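Asker: Sharing query.cif below, mmCIF, C-alpha atoms and all ligand atoms; chains and numbers go by the auth columns:
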data_my_file
loop_
_atom_site.group_PDB
_atom_site.id
_atom_site.type_symbol
_atom_site.label_atom_id
_atom_site.label_comp_id
_atom_site.label_asym_id
_atom_site.label_seq_id
_atom_site.Cartn_x
_atom_site.Cartn_y
_atom_site.Cartn_z
_atom_site.B_iso_or_equiv
_atom_site.auth_seq_id
_atom_site.auth_asym_id
ATOM 1 C CA MET A 1 114.918 99.549 74.289 0.00 1266 A
ATOM 2 C CA LEU A 2 111.294 100.462 75.008 0.00 1267 A
ATOM 3 C CA HIS A 3 110.794 102.500 78.160 0.00 1268 A
ATOM 4 C CA TYR A 4 108.366 99.980 79.610 0.00 1269 A
ATOM 5 C CA TRP A 5 107.191 99.829 83.230 0.00 1270 A
ATOM 6 C CA ASP A 6 109.046 97.056 85.025 0.00 1271 A
ATOM 7 C CA ALA A 7 106.502 97.004 87.846 0.00 1272 A
ATOM 8 C CA TYR A 8 102.793 96.540 88.313 0.00 1273 A
ATOM 9 C CA TRP A 9 100.050 98.180 90.289 0.00 1274 A
ATOM 10 C CA ASP A 10 97.461 96.454 92.444 0.00 1275 A
ATOM 11 C CA LEU A 11 94.431 98.475 93.416 0.00 1276 A
ATOM 12 C CA ARG A 12 95.731 100.730 96.203 0.00 1277 A
ATOM 13 C CA VAL A 13 92.938 103.223 96.613 0.00 1278 A
ATOM 14 C CA LYS A 14 94.528 105.182 99.468 0.00 1279 A
ATOM 15 C CA GLU A 15 97.692 105.812 97.470 0.00 1280 A
ATOM 16 C CA CYS A 16 96.130 106.226 94.055 0.00 1281 A
ATOM 17 C CA PRO A 17 92.333 106.617 93.960 0.00 1282 A
ATOM 18 C CA CYS A 18 92.050 107.857 90.345 0.00 1283 A
ATOM 19 C CA ASP A 19 90.489 104.717 88.840 0.00 1284 A
ATOM 20 C CA VAL A 20 87.933 104.402 91.636 0.00 1285 A
ATOM 21 C CA HIS A 21 87.099 108.098 91.410 0.00 1286 A
ATOM 22 C CA PHE A 22 86.779 107.705 87.652 0.00 1287 A
ATOM 23 C CA LEU A 23 84.246 104.894 88.066 0.00 1288 A
ATOM 24 C CA GLU A 24 82.291 107.057 90.525 0.00 1289 A
ATOM 25 C CA TRP A 25 82.408 109.960 88.056 0.00 1290 A
ATOM 26 C CA LEU A 26 81.145 107.727 85.228 0.00 1291 A
ATOM 27 C CA LYS A 27 78.231 106.677 87.397 0.00 1292 A
ATOM 28 C CA THR A 28 77.387 110.295 88.236 0.00 1293 A
ATOM 29 C CA ASP A 29 77.830 111.383 84.624 0.00 1294 A
ATOM 30 C CA GLY A 30 75.593 108.586 83.390 0.00 1295 A
ATOM 31 C CA LEU A 31 77.597 107.812 80.239 0.00 1296 A
ATOM 32 C CA ARG A 32 76.169 104.743 78.513 0.00 1297 A
ATOM 33 C CA ASP A 33 77.235 102.886 75.353 0.00 1298 A
ATOM 34 C CA GLY A 34 80.262 105.158 75.207 0.00 1299 A
ATOM 35 C CA ALA A 35 83.895 104.654 74.181 0.00 1300 A
ATOM 36 C CA ILE A 36 86.614 105.285 76.759 0.00 1301 A
ATOM 37 C CA PHE A 37 90.399 105.382 76.381 0.00 1302 A
ATOM 38 C CA HIS A 38 92.144 104.631 79.670 0.00 1303 A
ATOM 39 C CA PHE A 39 95.826 105.459 80.243 0.00 1304 A
ATOM 40 C CA GLY A 40 97.231 103.045 82.859 0.00 1305 A
ATOM 41 C CA THR A 41 95.159 99.928 83.435 0.00 1306 A
ATOM 42 C CA GLY A 42 96.831 98.637 86.605 0.00 1307 A
ATOM 43 C CA SER A 43 97.011 94.884 87.110 0.00 1308 A
ATOM 44 C CA HIS A 44 93.563 95.051 88.716 0.00 1309 A
ATOM 45 C CA HIS A 45 91.919 96.235 85.447 0.00 1310 A
ATOM 46 C CA VAL A 46 89.089 97.652 87.538 0.00 1311 A
ATOM 47 C CA VAL A 47 87.931 100.217 84.977 0.00 1312 A
ATOM 48 C CA GLY A 48 87.469 97.593 82.254 0.00 1313 A
ATOM 49 C CA ILE A 49 85.899 95.047 84.592 0.00 1314 A
ATOM 50 C CA GLU A 50 83.463 97.452 86.219 0.00 1315 A
ATOM 51 C CA THR A 51 82.281 98.998 82.950 0.00 1316 A
ATOM 52 C CA ALA A 52 81.746 95.517 81.521 0.00 1317 A
ATOM 53 C CA THR A 53 79.630 94.394 84.441 0.00 1318 A
ATOM 54 C CA ASN A 54 77.672 97.447 85.647 0.00 1319 A
ATOM 55 C CA GLY A 55 75.132 97.545 82.842 0.00 1320 A
ATOM 56 C CA SER A 56 76.519 100.778 81.287 0.00 1321 A
ATOM 57 C CA ASN A 57 77.739 98.976 78.166 0.00 1322 A
ATOM 58 C CA ASN A 58 80.635 101.417 77.971 0.00 1323 A
ATOM 59 C CA ALA A 59 83.593 100.052 75.997 0.00 1324 A
ATOM 60 C CA VAL A 60 87.112 100.616 77.265 0.00 1325 A
ATOM 61 C CA LEU A 61 90.444 100.575 75.440 0.00 1326 A
ATOM 62 C CA GLY A 62 93.233 100.546 78.003 0.00 1327 A
ATOM 63 C CA ILE A 63 96.997 100.902 77.640 0.00 1328 A
ATOM 64 C CA THR A 64 99.613 99.449 79.953 0.00 1329 A
ATOM 65 C CA ALA A 65 103.396 99.583 79.725 0.00 1330 A
ATOM 66 C CA SER A 66 103.746 96.801 82.312 0.00 1331 A
ATOM 67 C CA PRO A 67 104.314 93.250 81.028 0.00 1332 A
ATOM 68 C CA LYS A 68 102.774 91.806 84.221 0.00 1333 A
ATOM 69 C CA GLU A 69 99.657 93.988 83.908 0.00 1334 A
ATOM 70 C CA TYR A 70 99.319 92.861 80.308 0.00 1335 A
ATOM 71 C CA ASP A 71 99.710 89.186 81.328 0.00 1336 A
ATOM 72 C CA ASP A 72 96.942 89.758 83.856 0.00 1337 A
ATOM 73 C CA TYR A 73 94.774 91.180 81.088 0.00 1338 A
ATOM 74 C CA VAL A 74 95.320 88.067 78.964 0.00 1339 A
ATOM 75 C CA LYS A 75 94.330 85.870 81.938 0.00 1340 A
ATOM 76 C CA LEU A 76 91.270 88.056 82.521 0.00 1341 A
ATOM 77 C CA CYS A 77 90.151 87.624 78.909 0.00 1342 A
ATOM 78 C CA ILE A 78 90.532 83.864 79.080 0.00 1343 A
ATOM 79 C CA GLU A 79 88.752 83.520 82.406 0.00 1344 A
ATOM 80 C CA ARG A 80 86.042 86.141 81.849 0.00 1345 A
ATOM 81 C CA PRO A 81 85.109 86.470 78.172 0.00 1346 A
ATOM 82 C CA GLU A 82 82.054 88.516 79.172 0.00 1347 A
ATOM 83 C CA VAL A 83 84.505 91.223 80.346 0.00 1348 A
ATOM 84 C CA ALA A 84 86.696 90.922 77.246 0.00 1349 A
ATOM 85 C CA ARG A 85 83.691 91.716 75.044 0.00 1350 A
ATOM 86 C CA THR A 86 83.800 95.426 75.933 0.00 1351 A
ATOM 87 C CA TYR A 87 87.255 95.702 77.527 0.00 1352 A
ATOM 88 C CA LYS A 88 90.321 95.705 75.289 0.00 1353 A
ATOM 89 C CA ALA A 89 93.803 96.516 76.521 0.00 1354 A
ATOM 90 C CA PHE A 90 97.132 96.689 74.762 0.00 1355 A
ATOM 91 C CA PHE A 91 100.757 96.775 75.784 0.00 1356 A
ATOM 92 C CA GLY A 92 102.779 99.793 74.717 0.00 1357 A
ATOM 93 C CA ASP A 93 104.235 103.159 75.516 0.00 1358 A
ATOM 94 C CA ILE A 94 101.720 106.013 75.561 0.00 1359 A
ATOM 95 C CA TYR A 95 104.470 108.142 73.988 0.00 1360 A
ATOM 96 C CA GLN A 96 104.249 105.956 70.896 0.00 1361 A
ATOM 97 C CA LEU A 97 100.525 106.363 70.298 0.00 1362 A
ATOM 98 C CA ASP A 98 99.837 106.406 66.560 0.00 1363 A
ATOM 99 C CA ALA A 99 97.005 108.722 65.549 0.00 1364 A
ATOM 100 C CA ARG A 100 96.190 106.503 62.564 0.00 1365 A
ATOM 101 C CA LEU A 101 95.248 103.673 64.897 0.00 1366 A
ATOM 102 C CA MET A 102 93.133 105.696 67.301 0.00 1367 A
ATOM 103 C CA PRO A 103 89.346 105.804 66.940 0.00 1368 A
ATOM 104 C CA MET A 104 87.199 108.564 68.443 0.00 1369 A
ATOM 105 C CA PHE A 105 86.297 108.439 72.136 0.00 1370 A
ATOM 106 C CA ASP A 106 83.725 109.977 74.459 0.00 1371 A
ATOM 107 C CA VAL A 107 86.097 110.072 77.416 0.00 1372 A
ATOM 108 C CA ILE A 108 89.885 109.848 77.702 0.00 1373 A
ATOM 109 C CA THR A 109 91.801 109.532 80.957 0.00 1374 A
ATOM 110 C CA ALA A 110 95.176 111.259 81.097 0.00 1375 A
ATOM 111 C CA PHE A 111 95.777 110.423 84.759 0.00 1376 A
ATOM 112 C CA HIS A 112 99.470 109.550 84.482 0.00 1377 A
ATOM 113 C CA ILE A 113 100.612 112.130 81.987 0.00 1378 A
ATOM 114 C CA GLY A 114 104.154 113.254 82.796 0.00 1379 A
ATOM 115 C CA GLU A 115 104.797 110.427 85.256 0.00 1380 A
ATOM 116 C CA PHE A 116 106.777 108.159 82.981 0.00 1381 A
ATOM 117 C CA ARG A 117 108.321 110.469 80.346 0.00 1382 A
ATOM 118 C CA SER A 118 112.130 110.696 80.293 0.00 1383 A
ATOM 119 C CA GLU A 119 115.121 110.801 77.960 0.00 1384 A
ATOM 120 C CA LYS A 120 114.556 107.048 77.520 0.00 1385 A
ATOM 121 C CA ASN A 121 111.501 107.928 75.406 0.00 1386 A
ATOM 122 C CA ASP A 122 113.550 110.504 73.485 0.00 1387 A
ATOM 123 C CA ALA A 123 115.971 107.736 72.506 0.00 1388 A
ATOM 124 C CA TYR A 124 113.349 106.334 70.100 0.00 1389 A
ATOM 125 C CA GLY A 125 111.586 109.549 69.169 0.00 1390 A
ATOM 126 C CA GLY A 126 108.718 109.285 71.643 0.00 1391 A
ATOM 127 C CA LEU A 127 106.022 111.926 71.670 0.00 1392 A
ATOM 128 C CA THR A 128 106.156 114.664 74.288 0.00 1393 A
ATOM 129 C CA ASP A 129 103.503 114.979 76.990 0.00 1394 A
ATOM 130 C CA LEU A 130 101.988 117.909 75.133 0.00 1395 A
ATOM 131 C CA GLU A 131 101.850 115.905 71.908 0.00 1396 A
ATOM 132 C CA VAL A 132 100.113 113.035 73.727 0.00 1397 A
ATOM 133 C CA ALA A 133 97.587 115.389 75.321 0.00 1398 A
ATOM 134 C CA SER A 134 96.950 117.066 71.968 0.00 1399 A
ATOM 135 C CA LEU A 135 96.498 113.712 70.219 0.00 1400 A
ATOM 136 C CA MET A 136 94.047 112.698 72.931 0.00 1401 A
ATOM 137 C CA VAL A 137 91.973 115.823 72.288 0.00 1402 A
ATOM 138 C CA ASP A 138 92.079 115.131 68.534 0.00 1403 A
ATOM 139 C CA HIS A 139 90.496 111.770 69.293 0.00 1404 A
ATOM 140 C CA LEU A 140 87.648 113.062 71.443 0.00 1405 A
ATOM 141 C CA ARG A 141 84.244 113.431 69.886 0.00 1406 A
ATOM 142 C CA PRO A 142 82.807 116.965 70.037 0.00 1407 A
ATOM 143 C CA GLY A 143 81.868 117.530 73.670 0.00 1408 A
ATOM 144 C CA GLY A 144 83.960 114.564 74.786 0.00 1409 A
ATOM 145 C CA ARG A 145 85.806 114.748 78.092 0.00 1410 A
ATOM 146 C CA LEU A 146 89.525 114.628 78.907 0.00 1411 A
ATOM 147 C CA ILE A 147 90.220 113.887 82.573 0.00 1412 A
ATOM 148 C CA THR A 148 93.387 114.496 84.561 0.00 1413 A
ATOM 149 C CA TYR A 149 94.277 113.366 88.088 0.00 1414 A
ATOM 150 C CA SER A 150 95.240 116.000 90.634 0.00 1415 A
ATOM 151 C CA GLY A 151 96.858 113.369 92.911 0.00 1416 A
ATOM 152 C CA SER A 152 99.505 112.505 90.330 0.00 1417 A
ATOM 153 C CA TYR A 153 103.062 113.335 91.341 0.00 1418 A
ATOM 154 C CA ALA A 154 103.424 114.842 87.848 0.00 1419 A
ATOM 155 C CA PHE A 155 100.229 116.873 88.025 0.00 1420 A
ATOM 156 C CA ASP A 156 102.261 120.020 87.309 0.00 1421 A
ATOM 157 C CA VAL A 157 102.944 118.594 83.839 0.00 1422 A
ATOM 158 C CA ALA A 158 99.248 117.850 83.274 0.00 1423 A
ATOM 159 C CA GLU A 159 98.312 121.344 84.450 0.00 1424 A
ATOM 160 C CA ARG A 160 100.942 122.935 82.207 0.00 1425 A
ATOM 161 C CA ASP A 161 100.172 120.968 79.030 0.00 1426 A
ATOM 162 C CA VAL A 162 96.406 120.641 79.345 0.00 1427 A
ATOM 163 C CA GLY A 163 96.448 124.319 80.302 0.00 1428 A
ATOM 164 C CA LYS A 164 98.042 125.058 76.911 0.00 1429 A
ATOM 165 C CA LEU A 165 95.167 123.257 75.191 0.00 1430 A
ATOM 166 C CA VAL A 166 92.673 125.290 77.214 0.00 1431 A
ATOM 167 C CA THR A 167 94.454 128.507 76.264 0.00 1432 A
ATOM 168 C CA ALA A 168 94.396 127.382 72.637 0.00 1433 A
ATOM 169 C CA GLY A 169 90.609 127.098 72.865 0.00 1434 A
ATOM 170 C CA ARG A 170 90.511 123.328 72.370 0.00 1435 A
ATOM 171 C CA LEU A 171 89.280 122.397 75.855 0.00 1436 A
ATOM 172 C CA ALA A 172 87.266 124.030 78.615 0.00 1437 A
ATOM 173 C CA PHE A 173 87.460 123.146 82.289 0.00 1438 A
ATOM 174 C CA VAL A 174 84.152 121.684 83.476 0.00 1439 A
ATOM 175 C CA GLU A 175 84.469 120.455 87.045 0.00 1440 A
ATOM 176 C CA LYS A 176 86.586 118.961 89.787 0.00 1441 A
ATOM 177 C CA PHE A 177 85.259 115.582 90.892 0.00 1442 A
ATOM 178 C CA GLU A 178 87.062 114.133 93.923 0.00 1443 A
ATOM 179 C CA THR A 179 90.704 114.028 92.704 0.00 1444 A
ATOM 180 C CA LEU A 180 89.795 114.361 89.018 0.00 1445 A
ATOM 181 C CA MET A 181 89.805 117.454 86.799 0.00 1446 A
ATOM 182 C CA VAL A 182 87.297 117.197 83.962 0.00 1447 A
ATOM 183 C CA PHE A 183 87.662 119.119 80.680 0.00 1448 A
ATOM 184 C CA ARG A 184 85.305 119.227 77.724 0.00 1449 A
ATOM 185 C CA LYS A 185 86.419 119.328 74.110 0.00 1450 A
ATOM 186 C CA LEU A 186 85.261 122.471 72.373 0.00 1451 A
ATOM 187 C CA ALA A 187 83.961 122.003 68.859 0.00 1452 A
HETATM 188 C C1 LIG B . 100.654 103.779 89.306 0.00 1501 A
HETATM 189 S S1 LIG B . 99.927 102.747 88.083 0.00 1501 A
HETATM 190 C C2 LIG B . 98.215 103.237 88.212 0.00 1501 A
HETATM 191 C C3 LIG B . 97.239 102.262 87.605 0.00 1501 A
HETATM 192 C C4 LIG B . 95.781 102.655 87.734 0.00 1501 A
HETATM 193 N N1 LIG B . 95.464 103.808 86.878 0.00 1501 A
HETATM 194 C C5 LIG B . 95.413 102.945 89.163 0.00 1501 A
HETATM 195 O O1 LIG B . 95.295 104.119 89.524 0.00 1501 A
HETATM 196 O O2 LIG B . 95.246 102.021 89.965 0.00 1501 A
HETATM 197 C C6 LIG B . 100.502 103.516 86.582 0.00 1501 A
HETATM 198 C C7 LIG B . 99.977 102.897 85.294 0.00 1501 A
HETATM 199 O O3 LIG B . 100.578 103.559 84.179 0.00 1501 A
HETATM 200 C C8 LIG B . 101.015 102.588 83.250 0.00 1501 A
HETATM 201 N N2 LIG B . 102.163 103.133 82.491 0.00 1501 A
HETATM 202 C C9 LIG B . 103.404 103.432 82.950 0.00 1501 A
HETATM 203 N N3 LIG B . 104.180 103.923 81.956 0.00 1501 A
HETATM 204 C C10 LIG B . 103.414 103.924 80.853 0.00 1501 A
HETATM 205 C C11 LIG B . 103.650 104.263 79.497 0.00 1501 A
HETATM 206 N N4 LIG B . 104.812 104.738 79.090 0.00 1501 A
HETATM 207 N N5 LIG B . 102.647 104.099 78.609 0.00 1501 A
HETATM 208 C C12 LIG B . 101.448 103.594 79.008 0.00 1501 A
HETATM 209 N N6 LIG B . 101.164 103.250 80.276 0.00 1501 A
HETATM 210 C C13 LIG B . 102.129 103.402 81.183 0.00 1501 A
HETATM 211 C C14 LIG B . 101.380 101.392 84.066 0.00 1501 A
HETATM 212 O O4 LIG B . 101.382 100.226 83.276 0.00 1501 A
HETATM 213 C C15 LIG B . 100.283 101.427 85.135 0.00 1501 A
HETATM 214 O O5 LIG B . 99.122 100.779 84.658 0.00 1501 A
#
Translate the structure described by the file into structure tokens.

Answerer:
Amino acid sequence: MLHYWDAYWDLRVKECPCDVHFLEWLKTDGLRDGAIFHFGTGSHHVVGIETATNGSNNAVLGITASPKEYDDYVKLCIERPEVARTYKAFFGDIYQLDARLMPMFDVITAFHIGEFRSEKNDAYGGLTDLEVASLMVDHLRPGGRLITYSGSYAFDVAERDVGKLVTAGRLAFVEKFETLMVFRKLA
């Protein structure tokens, strides 16, 4: 059975500010017309909605492992087709990402890396956290940014695995922005 998330997440900025900080970072960074992969949409879908409505014309591909969050995405598309134009989300397990189906991105969020990986993912040959992080870097354009979230309860996993990619010369740390750690892909 798929290790899906039998829960959903409303926007709770005090508990988990990563999406709001990410939107603030995007504004500061000034990315326009870019392609963003977002790990963990929440049922609020704020990253997709905001990027579709703030004039940046950034396109977002989000992943959720929550059936309810995905249902909310379907409702959002039906009710707000102007948002659906640039915001696509799919249901699935991040540990089953298939490189053949991934385009290249300007920015990838890895906020929840390590939070949901267990032996349940091993049961069907799921990727490891390091393999997911590495695949994400493969799918960044030169100079693209990978962003982790220091408020995650599994931040030690992100530090460990993204740290390996830094040591391997594939990423360089750029800046801390609020709770986010921003890395740049090295050519
Ligand atoms: C705590 S919520 C945070 C949502 C949003 N990023 C926020 O900060 O408000 C965790 C998110 O990770 C997603 N998630 C959990 N397990 C996942 C998995 N195996 N693959 C992809 N997404 C997953 C959930 O669907 C949910 O959107």

Asker: Skipping near chain neighbours, those fewer than 5 positions away, what residues fall within 10 Å of segment 1386-1392 of chain A using all atoms listed in the file, listed as a list in words?

Answerer: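 Selected residues are Met1266, Leu1267, His1268, Tyr1269, Asp1358, Ile1359, Tyr1360, Gln1361, Leu1362, Asp1363, Phe1381, Val1397, Ala1398 and Leu1400 of chain A.
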
Asker: Go ahead and write the selection's residues with C-alpha atoms as a compact mmCIF listing (two decimals), keeping the file's coordinate frame.

Answerer:
# COMPACT_ATOMS: atom_id res chain seq x y z
CA MET A 1266 114.92 99.55 74.29
CA LEU A 1267 111.29 100.46 75.01
CA HIS A 1268 110.79 102.50 78.16
CA TYR A 1269 108.37 99.98 79.61
CA ASP A 1358 104.24 103.16 75.52
CA ILE A 1359 101.72 106.01 75.56
CA TYR A 1360 104.47 108.14 73.99
CA GLN A 1361 104.25 105.96 70.90
CA LEU A 1362 100.52 106.36 70.30
CA ASP A 1363 99.84 106.41 66.56
CA PHE A 1381 106.78 108.16 82.98
CA VAL A 1397 100.11 113.04 73.73
CA ALA A 1398 97.59 115.39 75.32
CA LEU A 1400 96.50 113.71 70.22

Asker: Would you compute the box with edges along x, y and z of the file around ligand LIG 1501 (chain A), including every atom the file lists for it and 6 Å extra on each side, and give its centre and edge lengths in Å to one decimal, as AutoDock Vina command-line options?

Answerer:
--center_x 100.0 --center_y 102.5 --center_z 84.3 --size_x 21.6 --size_y 16.5 --size_z 23.4

Asker: For ligand LIG 1501 (chain A), return the neighbouring residues as a ChimeraX atom specification (distance at most 7 Å; only C-alpha atoms and all ligand atoms).

Answerer: /A:1268-1270,1273-1277,1281-1284,1304-1308,1328-1331,1334,1357-1360,1376-1377,1381-1382

Asker: Would you mind listing what lies within 12 Å of segment 1347-1353 of chain A as a PyMOL selection string, with all atoms listed in the file counted and same-chain residues fewer than 4 positions away left out?

Answerer: chain A and resi 1298-1303+1306+1310-1329+1335+1338-1343

Asker: Could you state the separation of atom CA of Leu1436 of chain A and atom CA of Glu1380 of chain A in Å, given to one decimal place?

Answerer: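 Atom CA of Glu1380 of chain A lies 21.7 Å from atom CA of Leu1436 of chain A.
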
Asker: Taking the file above as input, evaluate the PyMOL selection byres (((chain A and resi 1373) around 8) and not hetatm) and report the hits as a list in words.

Answerer: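 This file gives the following for the PyMOL selection byres (((chain A and resi 1373) around 8) and not hetatm): Ile1301, Phe1302, His1303, Phe1304, Phe1370, Asp1371, Val1372, Thr1374, Ala1375, Met1401, Leu1405, Arg1410, Leu1411 and Ile1412 of chain A.
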
Asker: In the coordinates of the file, take the point (106.2, 114.9, 82.2) and a cut-off of 9 Å; then, counting all atoms listed in the file, name each qualifying protein, DNA or RNA residue as a list of chain:residue names.

Answerer: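 Returned residue set, sorted by chain then number, is A:His1377, A:Ile1378, A:Gly1379, A:Glu1380, A:Phe1381, A:Arg1382, A:Ser1383, A:Thr1393, A:Asp1394, A:Leu1395, A:Ala1419, A:Phe1420, A:Asp1421, A:Val1422, A:Ala1423.
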
Asker: What is the distance between atom CA of Glu1280 of chain A and atom CA of Asp1294 of chain A, in Å to one decimal?

Answerer: 24.3 Å

Asker: Ranking A:Asp1336, A:Tyr1414, A:Glu1424, A:Ala1452 by minimum distance to Val1285 of chain A and counting only C-alpha atoms, which one comes first?

Answerer: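 Closest to Val1285 of chain A of all the choices is A:Tyr1414.
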